[in-house]
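Chemist: One file is attached below, target_19.cif, containing mmCIF, C-alpha atoms.
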data_data
#
loop_
_atom_site.label_atom_id
_atom_site.label_comp_id
_atom_site.auth_asym_id
_atom_site.auth_seq_id
_atom_site.Cartn_x
_atom_site.Cartn_y
_atom_site.Cartn_z
CA MET A 128 -82.16 -31.66 11.42
CA GLU A 129 -82.75 -28.10 10.22
CA ILE A 130 -79.87 -26.26 8.54
CA ARG A 131 -80.22 -22.54 9.08
CA ARG A 132 -79.59 -20.61 5.85
CA ASP A 133 -78.02 -17.15 6.00
CA ILE A 134 -80.06 -15.95 3.03
CA ILE A 135 -83.13 -15.77 5.28
CA GLU A 136 -81.52 -12.85 7.14
CA ARG A 137 -81.11 -11.00 3.83
CA LEU A 138 -84.74 -11.70 3.00
CA LYS A 139 -85.76 -10.21 6.35
CA GLU A 140 -83.94 -7.02 5.37
CA TRP A 141 -85.75 -7.01 2.02
CA LYS A 142 -89.12 -7.35 3.79
CA GLY A 143 -88.71 -4.01 5.54
CA GLN A 144 -87.19 -2.01 2.69
CA GLU A 145 -88.91 1.05 1.27
CA GLY A 146 -89.31 0.86 -2.49
CA ARG A 147 -89.19 -2.90 -2.22
CA LYS A 148 -89.42 -4.85 -5.50
CA PRO A 149 -90.47 -8.48 -5.98
CA ILE A 150 -87.53 -10.73 -5.29
CA LEU A 151 -86.25 -13.44 -7.63
CA LEU A 152 -84.12 -16.27 -6.26
CA LYS A 153 -81.53 -17.64 -8.68
CA GLY A 154 -79.35 -20.68 -8.18
CA ALA A 155 -78.65 -24.26 -9.18
CA ARG A 156 -81.18 -27.06 -8.80
CA GLN A 157 -81.64 -28.75 -5.42
CA ILE A 158 -79.95 -26.06 -3.30
CA GLY A 159 -83.07 -25.43 -1.21
CA LYS A 160 -84.77 -22.42 -2.83
CA THR A 161 -88.30 -23.70 -2.14
CA TRP A 162 -87.45 -24.53 1.49
CA VAL A 163 -86.00 -21.05 2.01
CA MET A 164 -89.09 -19.32 0.60
CA GLU A 165 -91.46 -21.41 2.70
CA THR A 166 -89.39 -21.01 5.87
CA PHE A 167 -89.14 -17.26 5.35
CA GLY A 168 -92.90 -17.06 4.86
CA ARG A 169 -93.61 -19.18 7.92
CA GLU A 170 -91.25 -17.26 10.22
CA CYS A 171 -91.76 -13.68 9.08
CA PHE A 172 -95.38 -13.43 7.91
CA ASP A 173 -98.79 -14.26 9.27
CA TYR A 174 -99.52 -16.24 6.12
CA CYS A 175 -97.60 -17.83 3.26
CA ALA A 176 -99.48 -18.43 0.00
CA LYS A 177 -97.46 -20.70 -2.27
CA PHE A 178 -98.28 -21.24 -5.95
CA ASP A 179 -96.37 -23.93 -7.88
CA PHE A 180 -96.68 -23.50 -11.66
CA ASP A 181 -95.30 -26.96 -12.34
CA ARG A 182 -97.82 -28.79 -10.17
CA GLN A 183 -100.80 -26.46 -10.66
CA GLU A 184 -101.26 -26.07 -14.40
CA GLU A 185 -104.56 -24.27 -13.89
CA LEU A 186 -102.75 -21.29 -12.33
CA LYS A 187 -101.42 -20.25 -15.71
CA SER A 188 -104.85 -19.16 -16.93
CA VAL A 189 -105.01 -16.56 -14.14
CA PHE A 190 -102.01 -14.70 -15.55
CA ARG A 191 -103.02 -15.11 -19.18
CA GLN A 192 -106.32 -13.29 -18.61
CA THR A 193 -105.04 -10.14 -16.93
CA LYS A 194 -101.97 -8.08 -16.04
CA SER A 195 -103.66 -6.35 -13.10
CA PRO A 196 -102.04 -7.42 -9.79
CA GLU A 197 -105.25 -6.77 -7.87
CA ARG A 198 -107.25 -9.02 -10.13
CA ILE A 199 -104.48 -11.64 -10.08
CA VAL A 200 -104.52 -11.62 -6.27
CA LYS A 201 -108.29 -12.02 -6.17
CA GLU A 202 -108.15 -15.03 -8.48
CA LEU A 203 -105.14 -16.58 -6.74
CA ALA A 204 -107.10 -16.42 -3.49
CA LEU A 205 -109.31 -19.17 -4.97
CA TYR A 206 -106.29 -21.52 -5.10
CA THR A 207 -105.05 -21.18 -1.52
CA ASP A 208 -106.40 -21.86 1.95
CA VAL A 209 -104.78 -18.76 3.47
CA PRO A 210 -105.82 -15.13 2.99
CA ILE A 211 -103.71 -12.88 0.78
CA ILE A 212 -103.33 -9.67 2.74
CA ALA A 213 -100.83 -6.96 1.81
CA GLY A 214 -98.10 -6.75 4.44
CA LYS A 215 -99.19 -9.96 6.18
CA THR A 216 -98.96 -12.59 3.45
CA LEU A 217 -95.87 -13.72 1.55
CA ILE A 218 -96.83 -14.61 -2.03
CA VAL A 219 -94.57 -17.40 -3.30
CA PHE A 220 -94.32 -18.19 -7.01
CA ASP A 221 -92.43 -21.48 -7.38
CA GLU A 222 -91.25 -22.96 -10.69
CA ILE A 223 -92.11 -19.61 -12.25
CA GLN A 224 -90.24 -20.50 -15.44
CA GLU A 225 -93.24 -22.67 -16.36
CA CYS A 226 -95.45 -19.58 -16.86
CA GLU A 227 -94.02 -16.65 -18.80
CA GLU A 228 -97.03 -14.48 -17.98
CA ALA A 229 -96.46 -15.01 -14.25
CA PHE A 230 -92.80 -14.14 -14.74
CA ASN A 231 -93.80 -10.90 -16.48
CA SER A 232 -96.36 -10.13 -13.77
CA LEU A 233 -93.49 -9.34 -11.39
CA LYS A 234 -93.11 -6.07 -13.31
CA TYR A 235 -96.71 -5.10 -12.60
CA PHE A 236 -96.49 -6.07 -8.93
CA CYS A 237 -93.49 -3.74 -8.73
CA GLU A 238 -95.18 -0.84 -10.51
CA ASP A 239 -98.82 -1.14 -9.45
CA ALA A 240 -98.92 -3.18 -6.23
CA PRO A 241 -95.68 -2.74 -4.24
CA GLN A 242 -97.63 -3.28 -1.01
CA TYR A 243 -97.53 -7.05 -1.65
CA HIS A 244 -94.49 -9.13 -0.73
CA VAL A 245 -93.77 -11.35 -3.73
CA ILE A 246 -90.92 -13.85 -3.98
CA ALA A 247 -90.27 -16.17 -6.93
CA ALA A 248 -87.90 -18.93 -7.94
CA GLY A 249 -87.58 -21.49 -10.67
CA SER A 250 -85.59 -24.49 -11.79
CA LEU A 251 -82.92 -23.61 -14.36
CA LEU A 252 -84.41 -20.15 -14.66
CA GLY A 253 -81.50 -18.74 -16.68
CA VAL A 254 -81.73 -21.61 -19.16
CA ALA A 255 -85.51 -21.35 -19.49
CA VAL A 256 -85.41 -17.59 -20.07
CA LYS A 257 -82.94 -18.00 -22.93
CA ARG A 258 -84.56 -21.02 -24.51
CA ARG A 259 -88.08 -19.57 -24.48
CA ARG A 260 -86.88 -16.02 -25.18
CA MET A 261 -88.82 -14.83 -22.15
CA THR A 262 -88.93 -11.12 -21.41
CA VAL A 263 -87.02 -10.34 -18.24
CA PRO A 264 -88.57 -7.56 -16.09
CA VAL A 265 -85.29 -5.64 -15.93
CA GLY A 266 -85.19 -3.13 -13.11
CA LYS A 267 -88.48 -4.37 -11.70
CA VAL A 268 -87.17 -7.25 -9.58
CA THR A 269 -84.43 -7.73 -7.02
CA ILE A 270 -82.16 -10.63 -7.97
CA GLU A 271 -80.97 -12.63 -4.97
CA ARG A 272 -78.37 -15.25 -5.79
CA MET A 273 -78.50 -18.40 -3.74
CA TYR A 274 -75.77 -21.01 -3.35
CA PRO A 275 -75.47 -24.49 -1.87
CA VAL A 276 -75.13 -24.78 1.90
CA SER A 277 -71.87 -23.05 2.81
CA PHE A 278 -69.25 -24.42 5.16
CA LYS A 279 -70.22 -21.67 7.61
CA GLU A 280 -73.80 -22.95 7.62
CA PHE A 281 -72.59 -26.56 7.79
CA LEU A 282 -70.36 -25.78 10.78
CA ARG A 283 -73.12 -23.93 12.64
CA ALA A 284 -75.37 -27.00 12.30
CA SER A 285 -72.62 -29.46 13.18
CA ASP A 286 -70.77 -27.69 16.01
CA VAL A 287 -72.33 -24.41 17.07
CA GLN A 288 -69.64 -23.71 19.68
CA LEU A 289 -66.87 -24.07 17.11
CA TRP A 290 -68.81 -21.84 14.71
CA GLN A 291 -69.25 -19.23 17.43
CA TYR A 292 -65.52 -19.35 18.20
CA VAL A 293 -64.72 -18.46 14.61
CA GLU A 294 -67.42 -15.80 14.51
CA ASP A 295 -65.88 -14.18 17.60
CA LEU A 296 -62.33 -14.10 16.24
CA ASP A 297 -61.02 -10.55 16.23
CA GLY A 298 -58.20 -10.17 13.75
CA VAL A 299 -55.43 -12.58 12.82
CA VAL A 300 -54.66 -14.75 15.84
CA ARG A 301 -53.09 -18.18 15.92
CA LEU A 302 -55.71 -20.85 16.54
CA PRO A 303 -55.26 -23.42 19.31
CA GLU A 304 -54.37 -26.78 17.77
CA ILE A 305 -57.54 -28.38 19.13
CA ILE A 306 -59.64 -25.74 17.34
CA LEU A 307 -57.69 -26.06 14.10
CA ASN A 308 -57.95 -29.85 14.14
CA LYS A 309 -61.70 -29.71 14.73
CA LEU A 310 -62.07 -27.28 11.83
CA LYS A 311 -60.09 -29.60 9.56
CA THR A 312 -62.29 -32.55 10.49
CA GLU A 313 -65.50 -30.68 9.83
CA TYR A 314 -64.13 -29.24 6.59
CA ARG A 315 -63.22 -32.71 5.29
CA ARG A 316 -66.73 -33.89 6.09
CA TYR A 317 -68.08 -30.90 4.19
CA MET A 318 -65.86 -31.64 1.17
CA VAL A 319 -67.33 -35.13 1.12
CA SER A 320 -71.00 -34.16 1.36
CA GLY A 321 -70.81 -30.79 -0.37
CA GLY A 322 -73.55 -28.24 0.15
CA MET A 323 -76.65 -29.85 -1.32
CA PRO A 324 -79.06 -29.71 1.64
CA GLU A 325 -80.22 -33.33 1.45
CA ALA A 326 -76.63 -34.60 1.32
CA VAL A 327 -75.64 -32.29 4.19
CA LYS A 328 -78.50 -33.64 6.32
CA CYS A 329 -77.38 -37.20 5.62
CA MET A 330 -73.86 -36.33 6.73
CA LEU A 331 -74.87 -34.40 9.85
CA GLU A 332 -77.39 -37.04 10.90
CA ASN A 333 -74.69 -39.74 10.52
CA LYS A 334 -76.71 -41.81 8.08
CA GLY A 335 -73.57 -43.30 6.55
CA MET A 336 -71.65 -42.68 3.36
CA ALA A 337 -73.83 -45.01 1.29
CA GLU A 338 -76.78 -42.71 1.94
CA VAL A 339 -74.73 -39.55 1.26
CA ASP A 340 -73.47 -40.97 -2.02
CA LYS A 341 -76.95 -42.13 -3.04
CA THR A 342 -78.33 -38.64 -2.39
CA LEU A 343 -75.59 -37.01 -4.46
CA GLN A 344 -76.04 -39.54 -7.27
CA ASP A 345 -79.79 -38.88 -7.31
CA ILE A 346 -79.07 -35.17 -7.81
CA LEU A 347 -76.59 -35.92 -10.60
CA ASP A 348 -79.19 -38.14 -12.27
CA LEU A 349 -81.74 -35.33 -11.98
CA TYR A 350 -79.29 -32.96 -13.64
CA GLU A 351 -78.95 -35.43 -16.51
CA LEU A 352 -82.73 -35.45 -16.93
CA ASP A 353 -82.67 -31.66 -17.01
CA PHE A 354 -80.42 -31.81 -20.07
CA ALA A 355 -83.18 -33.60 -21.96
CA LYS A 356 -85.97 -31.36 -20.64
CA TYR A 357 -84.41 -27.92 -21.03
CA ALA A 358 -81.71 -28.21 -23.71
CA GLU A 359 -82.06 -28.25 -27.49
CA PRO A 360 -81.82 -31.84 -28.77
CA ARG A 361 -78.62 -31.19 -30.73
CA GLU A 362 -76.96 -29.72 -27.63
CA ILE A 363 -77.78 -32.56 -25.23
CA PRO A 364 -74.80 -34.82 -26.07
CA ARG A 365 -72.42 -31.85 -25.98
CA ILE A 366 -73.68 -30.66 -22.58
CA HIS A 367 -73.38 -34.21 -21.32
CA ALA A 368 -69.83 -34.49 -22.65
CA VAL A 369 -68.66 -31.20 -21.12
CA TRP A 370 -70.25 -31.98 -17.75
CA HIS A 371 -68.67 -35.43 -17.59
CA SER A 372 -65.26 -34.07 -18.60
CA LEU A 373 -65.20 -31.82 -15.53
CA SER A 374 -63.26 -34.15 -13.27
CA SER A 375 -60.78 -34.92 -16.06
CA GLN A 376 -60.26 -31.21 -16.74
CA LEU A 377 -59.50 -30.55 -13.08
CA ALA A 378 -57.29 -33.59 -12.66
CA LYS A 379 -54.71 -32.15 -15.06
CA GLU A 380 -51.69 -30.39 -13.56
CA ASN A 381 -52.61 -27.39 -15.69
CA ARG A 382 -56.34 -27.05 -15.09
CA LYS A 383 -57.00 -24.86 -18.12
CA PHE A 384 -60.03 -26.16 -20.00
CA VAL A 385 -58.96 -28.20 -23.02
CA PHE A 386 -61.60 -29.08 -25.60
CA LYS A 387 -59.88 -32.27 -26.74
CA VAL A 388 -60.41 -33.66 -23.23
CA VAL A 389 -64.14 -33.42 -23.93
CA LYS A 390 -63.81 -35.22 -27.24
CA SER A 391 -60.97 -35.87 -29.64
CA GLY A 392 -60.98 -33.19 -32.31
CA ALA A 393 -63.49 -31.01 -30.44
CA ARG A 394 -63.47 -27.32 -31.35
CA ALA A 395 -64.37 -24.35 -29.18
CA LYS A 396 -67.18 -23.15 -31.43
CA ASP A 397 -68.90 -26.55 -31.22
CA TYR A 398 -69.00 -26.61 -27.41
CA GLU A 399 -69.41 -22.95 -26.43
CA ASP A 400 -73.21 -23.26 -26.25
CA ALA A 401 -72.87 -26.31 -24.01
CA LEU A 402 -70.59 -24.41 -21.64
CA MET A 403 -72.99 -21.47 -21.54
CA TRP A 404 -75.92 -23.81 -20.83
CA LEU A 405 -74.12 -25.26 -17.80
CA GLU A 406 -73.23 -21.74 -16.61
CA ASP A 407 -76.82 -20.54 -16.99
CA ALA A 408 -77.98 -23.60 -15.05
CA GLY A 409 -75.64 -22.65 -12.20
CA MET A 410 -73.88 -26.01 -12.46
CA ILE A 411 -70.41 -24.67 -13.23
CA TYR A 412 -68.29 -21.57 -12.73
CA ARG A 413 -66.09 -20.45 -15.59
CA ILE A 414 -62.92 -18.69 -14.37
CA TYR A 415 -61.07 -16.67 -17.03
CA ASN A 416 -57.34 -16.03 -17.16
CA ILE A 417 -56.18 -12.45 -16.66
CA THR A 418 -53.36 -11.18 -18.84
CA LYS A 419 -52.63 -8.25 -16.53
CA PRO A 420 -53.94 -7.90 -12.95
CA VAL A 421 -55.03 -4.25 -13.04
CA LEU A 422 -58.39 -2.52 -12.75
CA PRO A 423 -60.86 -3.29 -14.15
CA LEU A 424 -60.11 -7.00 -14.18
CA SER A 425 -62.83 -7.69 -16.75
CA ALA A 426 -60.97 -5.62 -19.34
CA TYR A 427 -57.97 -7.96 -19.21
CA ALA A 428 -59.73 -11.32 -19.36
CA ASP A 429 -58.49 -13.78 -21.96
CA VAL A 430 -61.74 -15.40 -23.08
CA SER A 431 -59.85 -18.20 -24.82
CA ALA A 432 -58.20 -19.38 -21.60
CA PHE A 433 -60.39 -20.51 -18.72
CA LYS A 434 -60.97 -23.16 -16.08
CA ILE A 435 -64.31 -24.61 -15.02
CA TYR A 436 -65.32 -25.74 -11.55
CA ALA A 437 -68.44 -27.44 -10.22
CA CYS A 438 -71.02 -25.48 -8.24
CA ASP A 439 -70.57 -27.97 -5.41
CA CYS A 440 -67.57 -29.94 -4.19
CA GLY A 441 -69.72 -32.90 -3.10
CA LEU A 442 -71.20 -33.24 -6.58
CA LEU A 443 -67.69 -32.97 -8.05
CA ARG A 444 -66.46 -35.76 -5.78
CA ARG A 445 -69.37 -37.98 -6.75
CA LEU A 446 -69.05 -37.11 -10.43
CA ALA A 447 -65.39 -38.15 -10.24
CA LYS A 448 -66.36 -41.38 -8.41
CA LEU A 449 -63.92 -40.45 -5.64
CA PRO A 450 -64.61 -42.52 -2.49
CA ALA A 451 -65.29 -40.50 0.63
CA SER A 452 -62.70 -42.51 2.55
CA VAL A 453 -59.96 -41.11 0.33
CA VAL A 454 -60.87 -37.53 1.23
CA LEU A 455 -61.32 -38.30 4.92
CA ASP A 456 -58.19 -40.43 5.28
CA ASN A 457 -55.89 -38.20 3.22
CA ALA A 458 -54.68 -41.14 1.12
CA ALA A 459 -51.43 -40.74 -0.78
CA ASN A 460 -52.90 -41.83 -4.12
CA TYR A 461 -55.29 -38.88 -3.93
CA THR A 462 -52.46 -36.43 -4.71
CA GLU A 463 -53.45 -35.59 -8.31
CA PHE A 464 -57.05 -34.66 -7.58
CA LYS A 465 -56.46 -33.23 -4.09
CA GLY A 466 -55.56 -29.80 -5.45
CA SER A 467 -58.70 -29.73 -7.59
CA MET A 468 -60.95 -30.52 -4.64
CA ALA A 469 -59.19 -27.88 -2.53
CA GLU A 470 -59.65 -25.20 -5.22
CA ASN A 471 -63.30 -26.09 -5.84
CA ALA A 472 -64.13 -25.99 -2.13
CA VAL A 473 -62.42 -22.62 -1.63
CA LEU A 474 -64.18 -21.15 -4.68
CA GLN A 475 -67.48 -22.41 -3.28
CA SER A 476 -66.70 -20.54 -0.04
CA LEU A 477 -65.69 -17.35 -1.84
CA MET A 478 -68.70 -17.02 -4.13
CA PRO A 479 -71.33 -15.86 -1.58
CA SER A 480 -68.99 -13.09 -0.39
CA LEU A 481 -68.32 -11.73 -3.89
CA GLY A 482 -71.83 -10.52 -4.65
CA GLY A 483 -72.20 -12.78 -7.67
CA ASP A 484 -68.92 -11.68 -9.27
CA ILE A 485 -66.86 -14.55 -10.64
CA PRO A 486 -63.16 -14.33 -9.75
CA TYR A 487 -60.38 -14.65 -12.31
CA TYR A 488 -57.05 -16.46 -12.30
CA TRP A 489 -53.56 -15.43 -13.35
CA SER A 490 -51.26 -17.69 -15.33
CA PRO A 491 -48.79 -15.85 -17.58
CA ASP A 492 -46.98 -19.09 -18.49
CA SER A 493 -46.68 -22.70 -17.41
CA ARG A 494 -44.35 -21.81 -14.53
CA ALA A 495 -46.75 -19.75 -12.42
CA GLU A 496 -50.44 -19.68 -11.59
CA ILE A 497 -52.51 -17.83 -9.02
CA GLU A 498 -55.75 -19.75 -8.54
CA PHE A 499 -58.03 -16.76 -7.95
CA LEU A 500 -57.94 -12.98 -8.24
CA VAL A 501 -60.69 -11.03 -6.51
CA GLN A 502 -61.41 -7.33 -6.58
CA ASN A 503 -62.08 -5.67 -3.25
CA ASN A 504 -62.98 -2.04 -3.86
CA ASP A 505 -59.84 -0.61 -5.51
CA ARG A 506 -57.58 -3.52 -4.53
CA ILE A 507 -56.85 -6.72 -6.41
CA ILE A 508 -56.15 -9.60 -4.04
CA PRO A 509 -54.30 -12.70 -5.30
CA ILE A 510 -55.45 -15.95 -3.69
CA GLU A 511 -53.39 -19.12 -3.74
CA VAL A 512 -54.92 -22.45 -2.76
CA LYS A 513 -52.85 -25.31 -1.43
CA ALA A 514 -54.09 -28.76 -0.51
CA GLU A 515 -53.61 -29.72 3.12
CA ASN A 516 -50.18 -28.60 4.46
CA CYS A 517 -48.27 -28.56 1.17
CA ILE A 518 -47.29 -24.95 0.40
CA SER A 519 -44.43 -25.55 -2.04
CA GLY A 520 -44.26 -23.53 -5.25
CA ARG A 521 -43.24 -19.99 -6.11
CA SER A 522 -46.30 -18.66 -7.94
CA LEU A 523 -47.35 -16.27 -5.18
CA ALA A 524 -43.76 -15.05 -4.79
CA VAL A 525 -43.49 -14.45 -8.54
CA TYR A 526 -46.73 -12.46 -8.49
CA ASN A 527 -45.59 -10.46 -5.48
CA GLU A 528 -42.23 -9.58 -7.05
CA LYS A 529 -43.95 -8.36 -10.20
CA TYR A 530 -47.03 -6.53 -8.88
CA HIS A 531 -46.45 -5.86 -5.14
CA PRO A 532 -50.06 -6.27 -3.91
CA ASP A 533 -51.01 -4.87 -0.50
CA VAL A 534 -52.52 -8.20 0.54
CA ARG A 535 -51.87 -11.77 -0.56
CA ILE A 536 -53.83 -14.78 0.67
CA ARG A 537 -52.78 -18.41 0.84
CA PHE A 538 -55.39 -20.98 1.83
CA SER A 539 -54.08 -24.29 3.16
CA PHE A 540 -54.42 -26.37 6.33
CA LEU A 541 -51.72 -24.37 8.11
CA ASN A 542 -52.57 -22.12 11.04
CA LEU A 543 -53.83 -18.57 10.79
CA GLN A 544 -51.08 -15.96 10.62
CA SER A 545 -50.04 -12.83 8.74
CA ASN A 546 -46.54 -11.86 7.73
CA ASP A 547 -45.41 -9.00 5.50
CA GLY A 548 -48.72 -8.75 3.63
CA LEU A 549 -49.16 -12.52 3.27
CA LEU A 550 -52.22 -13.89 5.04
CA SER A 551 -51.90 -17.60 5.66
CA CYS A 552 -55.44 -18.74 6.31
CA PRO A 553 -56.83 -22.22 7.01
CA SER A 554 -59.09 -23.24 4.14
CA PRO A 555 -62.04 -23.83 6.50
CA LEU A 556 -61.98 -20.08 7.21
CA ALA A 557 -62.20 -19.07 3.54
CA GLU A 558 -65.72 -17.71 4.03
CA TRP A 559 -64.45 -15.34 6.70
CA TRP A 560 -61.56 -14.03 4.55
CA ARG A 561 -62.65 -10.38 4.68
CA LYS A 562 -62.42 -10.44 8.48
CA PHE A 563 -58.71 -11.25 8.25
CA ALA A 564 -57.57 -9.69 4.97
CA VAL A 565 -59.41 -6.36 4.81
CA GLU A 566 -58.36 -3.59 7.12
#
What is this structure when it is put down as structure tokens?
Modeler:
Amino acid sequence: MEIRRDIIERLKEWKGQEGRKPILLKGARQIGKTWVMETFGRECFDYCAKFDFDRQEELKSVFRQTKSPERIVKELALYTDVPIIAGKTLIVFDEIQECEEAFNSLKYFCEDAPQYHVIAAGSLLGVAVKRRRMTVPVGKVTIERMYPVSFKEFLRASDVQLWQYVEDLDGVVRLPEIILNKLKTEYRRYMVSGGMPEAVKCMLENKGMAEVDKTLQDILDLYELDFAKYAEPREIPRIHAVWHSLSSQLAKENRKFVFKVVKSGARAKDYEDALMWLEDAGMIYRIYNITKPVLPLSAYADVSAFKIYACDCGLLRRLAKLPASVVLDNAANYTEFKGSMAENAVLQSLMPSLGGDIPYYWSPDSRAEIEFLVQNNDRIIPIEVKAENCISGRSLAVYNEKYHPDVRIRFSFLNLQSNDGLLSCPSPLAEWWRKFAVE
């Protein structure tokens, strides 16, 4: 089964742009960057010339001998069976973090040979750049952030008619119960598998939960190996400890990150590098508390108060050893962690629509908390996330009484409706939030 990725449409736009720069795909491991580059090359070009710097060590010598794109192209032609023709061939640099000279060559392709279409990606690129102090070709590449398979993409592959129904919605209209129930079912399946392409394929091809869980565990094991390969030796146990504390951090009623949950007596200064490593690897999102929800939000972030979420809800479920049956059957003893899973899944849906900006949260005291604050042009939109049909709590009302926002959003499993500035939106529709909340 092929899962169509929306990023390919953005790459098509890039292909035809004037003043086009080489493009650099960034994102966590195992989200399908290589597949996207190859599919884009196959569908949109006459030829696709792929060069993998991890598997083809000999490629590195090409870039160490010259900075001239024309000479590089001539030598690369010796390592591929397809011709490299400007405008007709997509040049793919995979695992580019393994060759700093190739990484720097993107600058020269931008300046001296813009007629070539060059796309690059690498595993843990942000981590590798920092660790090796690699020079980033600032202003000479287009950064394209890539995320795990979204629920929108999952739904299109699973039930194209249901996906089309949502796509065709025009404004806030109450959904027929049969549509809402189908969306809930698909969304629960997505929360179980998450968005890692291999896990999604296992779910959609009905291979069984044992295979889904094995796939997710294999990815988690690979992440553990990455700690040893890309982190400084002294940081490895700290990265490991922070990563494995994730489910415990989110299981607390107050999900603010607490260092003593990582290790008794742990101090912020000892674990800050570990947190940054996981952020650079794209494995976690760090959401800072806002002391005052006014523009610009970044100016009012409290860097000492934050929450962390996983890049993928399926990986979070597997990391927490939460059986799929609990998520699918809505078991009562799942209450504590249910809110965490709901928040992580909604955040995962929001990220692609925010242009790489990380949202914030608002929690002035222990009595109120708004899960996410997002900036939409000159408006700040508070977003509350509720698990299933439980919408108790006064946090959104407290926020509204104090700041009077134009739009408020509550994600839950209740039907779609709008009332006095409050948009009640089913969580499966989180990716489409702008369609309903922005006039």
Chemist: Just checking: using all atoms listed in the file, which residue out of A:Glu359, A:Glu515, A:Glu145, A:Asp505 ends up closest to Asp533 in chain A?
Modeler: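 Comparing A:Glu359, A:Glu515, A:Glu145, A:Asp505 against Asp533 in chain A, the winner is A:Asp505.
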Chemist: I'd like a table as CSV: residues in range 229-287 of chain A with an atom no more than 7 Å from range 215-223 of chain A, each row giving the shortest atom pair and its distance in Å to one decimal, only C-alpha atoms counted, sorted by chain and rising residue number.
Modeler:
residue,atom,partner,partner_atom,distance
A:Ala229,CA,A:Ile223,CA,6.6
A:Phe230,CA,A:Ile223,CA,6.0
A:His244,CA,A:Leu217,CA,5.3
A:Val245,CA,A:Ile218,CA,4.8
A:Ile246,CA,A:Val219,CA,5.1
A:Ala247,CA,A:Phe220,CA,4.5
A:Ala248,CA,A:Asp221,CA,5.2
A:Gly249,CA,A:Glu222,CA,4.0
A:Ser250,CA,A:Glu222,CA,6.0
Chemist: In terms of the shortest atom-to-atom distance over all atoms listed in the file, which of A:Arg198, A:Arg132, A:Lys148, A:Lys257 is closest to Met164 in chain A?
Modeler: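 Checking each of A:Arg198, A:Arg132, A:Lys148, A:Lys257 against Met164 in chain A, counting all atoms listed in the file, the winner is A:Arg132.
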Chemist: Starting from the shown file, work through the PyMOL selection byres ((chain A and resi 430) around 12) and note down what comes out as a ChimeraX atom specification.
Modeler: /A:383-384,395,399,413-418,425-429,431-434,487-488
Chemist: To one decimal place, how far is CA of Ala284 in chain A from CA of Ser320 in chain A in Å?
Modeler: 13.8 Å
Chemist: Taking all atoms listed in the file into account, which of A:Asp397, A:Gly253, A:Ala514, A:Cys175 comes nearest Lys465 in chain A?
Modeler: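 So, comparing all the options, the nearest one is A:Ala514.
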Chemist: Which polymer residues have any atom within 12 Å of an atom of Ala495 in chain A, counting all atoms listed in the file, with same-chain residues fewer than 5 positions away left out, as number ranges by chain?
Modeler: A: 380-381, 488-490, 511, 520-527, 529
Chemist: Need to verify the contact set: Arg272 in chain A, 10 Å, only C-alpha atoms, exclusion of same-chain residues closer than 4 positions in sequence. Can you return it as JSON, numbers by chain?
Modeler: {"A": [134, 151, 152, 153, 154, 155, 478, 479, 482, 483]}
Chemist: Restrict the calculation to only C-alpha atoms, then for each residue of range 282-386 of chain A with any atom at most 10 Å from an atom of range 534-552 of chain A give the closest atom pair and their distance in Å to one decimal, rows by chain and rising residue number, as a Markdown table.
Modeler:
| residue | atom | partner | partner_atom | distance |
| --- | --- | --- | --- | --- |
| A:Gly298 | CA | A:Gln544 | CA | 9.7 |
| A:Val299 | CA | A:Gln544 | CA | 5.9 |
| A:Val300 | CA | A:Leu543 | CA | 6.4 |
| A:Arg301 | CA | A:Leu543 | CA | 5.2 |
| A:Leu302 | CA | A:Asn542 | CA | 6.5 |
| A:Pro303 | CA | A:Asn542 | CA | 8.8 |
| A:Glu304 | CA | A:Asn542 | CA | 8.4 |
| A:Leu307 | CA | A:Asn542 | CA | 7.1 |
| A:Asn308 | CA | A:Phe540 | CA | 9.3 |
| A:Leu310 | CA | A:Phe540 | CA | 9.5 |
| A:Lys311 | CA | A:Phe540 | CA | 7.3 |
Chemist: Take CA of Trp162 in chain A and CA of Gln192 in chain A and report the distance between them in Å, one decimal.
Modeler: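 The value is 29.8 Å.
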Chemist: Listing only residues of range 276-295 of chain A within 9 Å of range 557-562 of chain A, what is the closest atom pair and its distance in Å (to one decimal) for each, using only C-alpha atoms, sorted by chain and residue number ascending, as a tab-separated table?
Modeler:
residue	atom	partner	partner_atom	distance
A:Ser277	CA	A:Glu558	CA	8.2
A:Phe278	CA	A:Glu558	CA	7.7
A:Lys279	CA	A:Glu558	CA	7.0
A:Val293	CA	A:Trp559	CA	8.5
A:Glu294	CA	A:Trp559	CA	8.4
Chemist: Please evaluate the PyMOL selection byres ((chain A and resi 404) around 12) against the displayed coordinates and give the resulting residues as a PyMOL selection string.
Modeler: chain A and resi 155+251-258+353-354+357-359+362-363+365-367+369-370+398-403+405-413
Chemist: Interatomic distance between CA of Phe190 in chain A and CA of Lys160 in chain A?
Modeler: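 It comes out at 22.8 Å.
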Chemist: Which is closer to Cys438 in chain A than all the others in A:Phe178, A:Phe172, A:Trp141, A:Tyr274, using only C-alpha atoms?
Modeler: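 The answer is A:Tyr274, which sits nearest to Cys438 in chain A.
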Chemist: Using all atoms listed in the file for the distances, tell me which of A:Asp179, A:Glu228, A:Asp456, A:Glu202 is nearest to Arg316 in chain A.
Modeler: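 Distance minimum relative to Arg316 in chain A lands on A:Asp456.
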Chemist: Taking all atoms listed in the file into account, which of A:Ile346, A:Leu443, A:Ala204, A:Leu424 comes nearest Asn504 in chain A?
Modeler: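 Ranking A:Ile346, A:Leu443, A:Ala204, A:Leu424 by distance to Asn504 in chain A, first place goes to A:Leu424.
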